Structure formats: structure tokens, C-alpha cells
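Asks: First the structure, then my questions, so here it is.
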Amino acid sequence: MAPARLNVGDRPKEEGASICINDALTDDELRAVFAWLEKEDERDLFGLVCKRWLRLQSSERRRLRARAGPAMLRRMTDRFPGLLELDLSQSASRSFYPGVTDSDLAVIAAGFRNLRVLDLQNCKGVTDVGMISLGNDLPSLQSLDVSQCRKITDKGLVAVALGCSSLKRLHVAGSKSVTDELLKALSRSCSCLEDLGLAGCNNITDTGLSALADGCRYINSLDISKCTKIGDIGVSRIAEVASSSLKILKLLDCFRVGDESIFSLAHFCHNLETLVIGGCRDVTDESIKALSLACCDSLRSLRMDWCLNITDSSLNSVLSNCRHLAALDIGCCDKLTDLAFQSVGMGGFESQLKVLKMSNCMKITVSGVGFMLKFCKSLEYVDLRSCPHITRLGCQQAGLQFPECCKTNYDGSLSENEIIVDVFF
């Protein structure tokens, strides 16, 4: 490819009408030009001009998504010395075995010494050996996702915790071999930890969660869904210690969690934005009312499907007090009736609710939907599946007008989710 030319119109004609841009600009000046390119495709085109520009583009690259073996990874370490974020994750539905291996991680640890973010989600061939390599050679690592890497145990993850003291984000969802030992190691070494994903790690107990709270006092997001040995003691301790920082807490199907945990959240965590307590069947109206008052200015997403003791009074309190609530799931709460929606709107503010899931609410009728529509003008998705008293025809006959951009789901599998729902929960 011919070198790019730079026209210089103010030079005398005898000196030539143009010069080579590579002769005119230094590496630092070309890097300054490159910095103005915001779109990834524009940055890629920059590297196609000539070998020099390719070298500069590669040295400035900070993020990369790839699928490669050890030989290619070695070439990548030479080409992208400044890489900070590497994504080797696989799709859950299309992952292949072994995919990324411990040998690959050894190359990554040795070659990308400044790496800050590493995503290995669904890389099923990775074991503790690879984790130990990361812990030994990547002290600057701040984010690691090894969700669904089921060969990894405490041994490897403790090595990461002890070797990567700058760790702020760790996701190990589905790693059933993880125990309280990991949480104790994180408490000792990773005081800056903010985001911890432990969904499905069902060997975690209140003892481990309490130990975590002793050293990690800035937790912003905690997902302990389906950790069935967790109860009120551990959750209450986290709420007390991370009171100002905790914004997202997911406790899906933690059936040992009850009112004590919710009261603790109401007392300490006034910045809470997302709470998932679906399947926590011992939670009652009193704690939900306390939460709706304490977090009225912060709560944006609340999932409490299958909370079988929830009644109209607590739902009315949530809708009347939580002025920024954008997503609500009350599916399978079979004590709820139309009365929950009748006095909604008396809080004196316009509802911001965008997502409302109330599938399998056996006592709510078309009338309840009508009350809800008077209050919720910003709805984008309403789930009415398996509500025996609510049908498409019934809503049409009642003259109900859903917002123009709102998708209303009357039928289909209850296991299906919309993208907008996943965004909130």
C-alpha cells in the first residue's frame, strides 16, 4: 500500500507539492491523531495504512476479544503490549471443550503483565493450575469472571485473591466447589472488592459471608442467589458493614432469608437500588413496608416473585413510596388482589415504572390492570401470563389503553424472559 501523502500548499512549487506524512509526523504526533478516533472500525482502518501505523495502533490497543491457542496468544502479547482488558469468554449455548486451557492462561499471565480485566466465563477447561498462574503473575488484575468454570476450586481462587490484592470485581457463579475459604481470603487480601458474584455457590455459609464483611467494607454489588445455606445472620452483617456502598443485592431462592435481613437493609442501606428476593418465602409485609419507606428515593428494581406472604398492603406501600421504581416482579404472589393498585398514585409523584411482571397472580383481574395503567404511564413491558382473570380480549373489551411503546405478554412459556427484564434483574 502506498504511503499516505500530506499536501503542503504553502511551499514553493520547486520544493515539491507534497511530502510523506510519515516523514512529517513523529510517533507521538501520530498517537495524538489516533487518540481522536473513537469508533473501533476507524481505529482498525488506521492500522491498515502501513506497517508503522499498524505498530502504533497495536501498541495503543487496550481491549481485545479473542479465541486463540498458546501460539497465537504469544504473538498477541508481542503485538499488544499495552492491553488492559482481555475477553476470552464463551457463549453458554455454544461453548466448546476444552476451549481456553491452563496453558493459555500461563501465556496470558507471562505476556500481559499490566492486564486489569480478564473474562473467562464458560471456559470449561480452566482449572486451579491456571488460576494459580494468574495469582502469581498478574498483581494488577482488578476484574476476573470465571462463572461456570466448574473445575475451579478454592485452591485456585484463593491464590488469585492473595496474589491480586487490587481485585475489585470477582464473579464465580456456578462454581459449586467454592467454600467459605475463598471469602476469608478475599477479606484478608482484597479490601477494595466492590462486586462479588457467587450465584449457585451453595457451599457458602453465613460464617463466610460474615468473614467477608470484616475485610471488604465497600461492597457495591453482591449476588448470592441460590446460596441455600445463607440466612439472616450473613445478610444482616453485610448490610451493617457495607451500609453506604451497597446498591445491588440478589438473594434469589435463598429460602433461609426472612424479615430480619430486610429490616437490616431498611435500617442500614439507604442507597439500595436493586433487591432480588424472589423465592424468599418467609419475607412478610412488615419488612417490605419498612424497606419501601427507608429506600423510597433509591430503590429502582425490586423482584419479589414467590414471596407468598406478601399482600396488598406492602405492594401498595412500594408503589406509593418508591418514586424511582423502574422494575417490579410480583409473579406468583397469590395473595395480591386488585386492591393493591386502587390507591396507587396518592404518593404525589408520577410513576417511572417500565417493567411490571405479575404472572400467575391468581386474584388480580382486568380491573386491577386498569388501576395500574392510570398510575404507570411509562410502561414498556407488562407480563400477564397465567393470570386466569386477565386476557387480551378482556383488556380490549374493558377499553384499556397500554402505553404506545409497551409490550404486553399474555401467553408463552414462563421460562422465557425479555431482554429489558434481564437489564433490571
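Going by the C-alpha cells order, chains are called A, B, ..., each with residues numbered from 1, while ligands are numbered from 1 in the order shown.
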Residues at most 6 Å from region 348-361 of chain A, counting only C-alpha atoms, excluding those fewer than 3 positions away in the same chain, as a ChimeraX atom specification?
Replies: /A:324-334,364,376,378-387
Asks: Output N, CA and C atoms for every residue in the selection just made, as a PDB file, in the first residue's frame.
Replies:
```
ATOM      1  N   HIS A 324     -38.750   6.264  42.334  1.00  0.00           N
ATOM      2  CA  HIS A 324     -37.874   5.982  41.192  1.00  0.00           C
ATOM      3  C   HIS A 324     -37.935   4.522  40.744  1.00  0.00           C
ATOM      4  N   LEU A 325     -38.903   3.772  41.249  1.00  0.00           N
ATOM      5  CA  LEU A 325     -39.008   2.359  40.903  1.00  0.00           C
ATOM      6  C   LEU A 325     -39.256   2.192  39.402  1.00  0.00           C
ATOM      7  N   ALA A 326     -38.376   1.394  38.745  1.00  0.00           N
ATOM      8  CA  ALA A 326     -38.477   1.192  37.292  1.00  0.00           C
ATOM      9  C   ALA A 326     -38.857  -0.233  36.930  1.00  0.00           C
ATOM     10  N   ALA A 327     -38.629  -1.193  37.817  1.00  0.00           N
ATOM     11  CA  ALA A 327     -38.933  -2.597  37.510  1.00  0.00           C
ATOM     12  C   ALA A 327     -39.434  -3.298  38.762  1.00  0.00           C
ATOM     13  N   LEU A 328     -40.531  -4.062  38.594  1.00  0.00           N
ATOM     14  CA  LEU A 328     -41.152  -4.756  39.723  1.00  0.00           C
ATOM     15  C   LEU A 328     -41.638  -6.127  39.268  1.00  0.00           C
ATOM     16  N   ASP A 329     -41.272  -7.153  40.036  1.00  0.00           N
ATOM     17  CA  ASP A 329     -41.715  -8.515  39.753  1.00  0.00           C
ATOM     18  C   ASP A 329     -42.471  -9.039  40.968  1.00  0.00           C
ATOM     19  N   ILE A 330     -43.766  -9.293  40.777  1.00  0.00           N
ATOM     20  CA  ILE A 330     -44.603  -9.821  41.864  1.00  0.00           C
ATOM     21  C   ILE A 330     -45.250 -11.139  41.432  1.00  0.00           C
ATOM     22  N   GLY A 331     -44.627 -11.828  40.494  1.00  0.00           N
ATOM     23  CA  GLY A 331     -45.176 -13.078  39.981  1.00  0.00           C
ATOM     24  C   GLY A 331     -45.404 -14.115  41.072  1.00  0.00           C
ATOM     25  N   CYS A 332     -46.520 -14.833  40.962  1.00  0.00           N
ATOM     26  CA  CYS A 332     -46.846 -15.944  41.860  1.00  0.00           C
ATOM     27  C   CYS A 332     -47.104 -15.517  43.304  1.00  0.00           C
ATOM     28  N   CYS A 333     -47.283 -14.227  43.532  1.00  0.00           N
ATOM     29  CA  CYS A 333     -47.681 -13.770  44.873  1.00  0.00           C
ATOM     30  C   CYS A 333     -49.211 -13.880  44.937  1.00  0.00           C
ATOM     31  N   ASP A 334     -49.688 -15.019  45.376  1.00  0.00           N
ATOM     32  CA  ASP A 334     -51.105 -15.343  45.179  1.00  0.00           C
ATOM     33  C   ASP A 334     -52.053 -14.689  46.178  1.00  0.00           C
ATOM     34  N   ILE A 364     -55.701 -11.164  40.756  1.00  0.00           N
ATOM     35  CA  ILE A 364     -55.720  -9.865  40.087  1.00  0.00           C
ATOM     36  C   ILE A 364     -56.542  -9.983  38.804  1.00  0.00           C
ATOM     37  N   CYS A 376     -49.268   4.225  35.956  1.00  0.00           N
ATOM     38  CA  CYS A 376     -47.992   3.892  35.307  1.00  0.00           C
ATOM     39  C   CYS A 376     -48.054   4.243  33.823  1.00  0.00           C
ATOM     40  N   SER A 378     -45.351   5.082  31.919  1.00  0.00           N
ATOM     41  CA  SER A 378     -44.068   4.866  31.231  1.00  0.00           C
ATOM     42  C   SER A 378     -43.774   3.396  30.973  1.00  0.00           C
ATOM     43  N   LEU A 379     -44.781   2.545  31.114  1.00  0.00           N
ATOM     44  CA  LEU A 379     -44.559   1.103  30.980  1.00  0.00           C
ATOM     45  C   LEU A 379     -44.042   0.726  29.591  1.00  0.00           C
ATOM     46  N   GLU A 380     -43.051  -0.181  29.584  1.00  0.00           N
ATOM     47  CA  GLU A 380     -42.502  -0.711  28.335  1.00  0.00           C
ATOM     48  C   GLU A 380     -42.724  -2.220  28.203  1.00  0.00           C
ATOM     49  N   TYR A 381     -42.965  -2.878  29.326  1.00  0.00           N
ATOM     50  CA  TYR A 381     -43.199  -4.332  29.288  1.00  0.00           C
ATOM     51  C   TYR A 381     -44.074  -4.724  30.471  1.00  0.00           C
ATOM     52  N   VAL A 382     -45.168  -5.458  30.181  1.00  0.00           N
ATOM     53  CA  VAL A 382     -46.056  -5.979  31.221  1.00  0.00           C
ATOM     54  C   VAL A 382     -46.242  -7.473  30.984  1.00  0.00           C
ATOM     55  N   ASP A 383     -45.962  -8.270  32.002  1.00  0.00           N
ATOM     56  CA  ASP A 383     -46.089  -9.727  31.911  1.00  0.00           C
ATOM     57  C   ASP A 383     -47.360 -10.149  32.648  1.00  0.00           C
ATOM     58  N   LEU A 384     -48.345 -10.633  31.885  1.00  0.00           N
ATOM     59  CA  LEU A 384     -49.630 -11.053  32.452  1.00  0.00           C
ATOM     60  C   LEU A 384     -49.894 -12.536  32.217  1.00  0.00           C
ATOM     61  N   ARG A 385     -48.851 -13.294  31.968  1.00  0.00           N
ATOM     62  CA  ARG A 385     -49.027 -14.712  31.670  1.00  0.00           C
ATOM     63  C   ARG A 385     -49.605 -15.477  32.861  1.00  0.00           C
ATOM     64  N   SER A 386     -50.467 -16.413  32.544  1.00  0.00           N
ATOM     65  CA  SER A 386     -51.054 -17.314  33.543  1.00  0.00           C
ATOM     66  C   SER A 386     -51.840 -16.582  34.624  1.00  0.00           C
ATOM     67  N   CYS A 387     -52.363 -15.403  34.309  1.00  0.00           N
ATOM     68  CA  CYS A 387     -53.317 -14.729  35.197  1.00  0.00           C
ATOM     69  C   CYS A 387     -54.717 -15.110  34.706  1.00  0.00           C
TER      70      CYS A 387
END
```
Asks: Which residue out of A:Glu418, A:Asp119, A:Ala35, A:Asp23 has the minimum interatomic distance to Ala66 (chain A) when only C-alpha atoms are used?
Replies: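 With only C-alpha atoms as the atom set, the closest residue is A:Asp119.
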Asks: For the structure I just gave you, how does DSSP split region 68-274 of chain A - specifically, which residues are strand (DSSP E)? Reply as a ChimeraX atom specification.
Replies: /A:85-87,117-119,143-145,169-171,195-197,221-223,248-250,274
Asks: Residues at most 8 Å from region 163-178 of chain A, counting only C-alpha atoms, excluding those fewer than 5 positions away in the same chain, as a PyMOL selection string?
Replies: chain A and resi 134-154+189-204
Asks: Grab the CA of Lys374 (chain A) to CA of Phe424 (chain A) distance for me, in Å with one decimal place.
Replies: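 Between CA of Lys374 (chain A) and CA of Phe424 (chain A) the gap is 23.0 Å.
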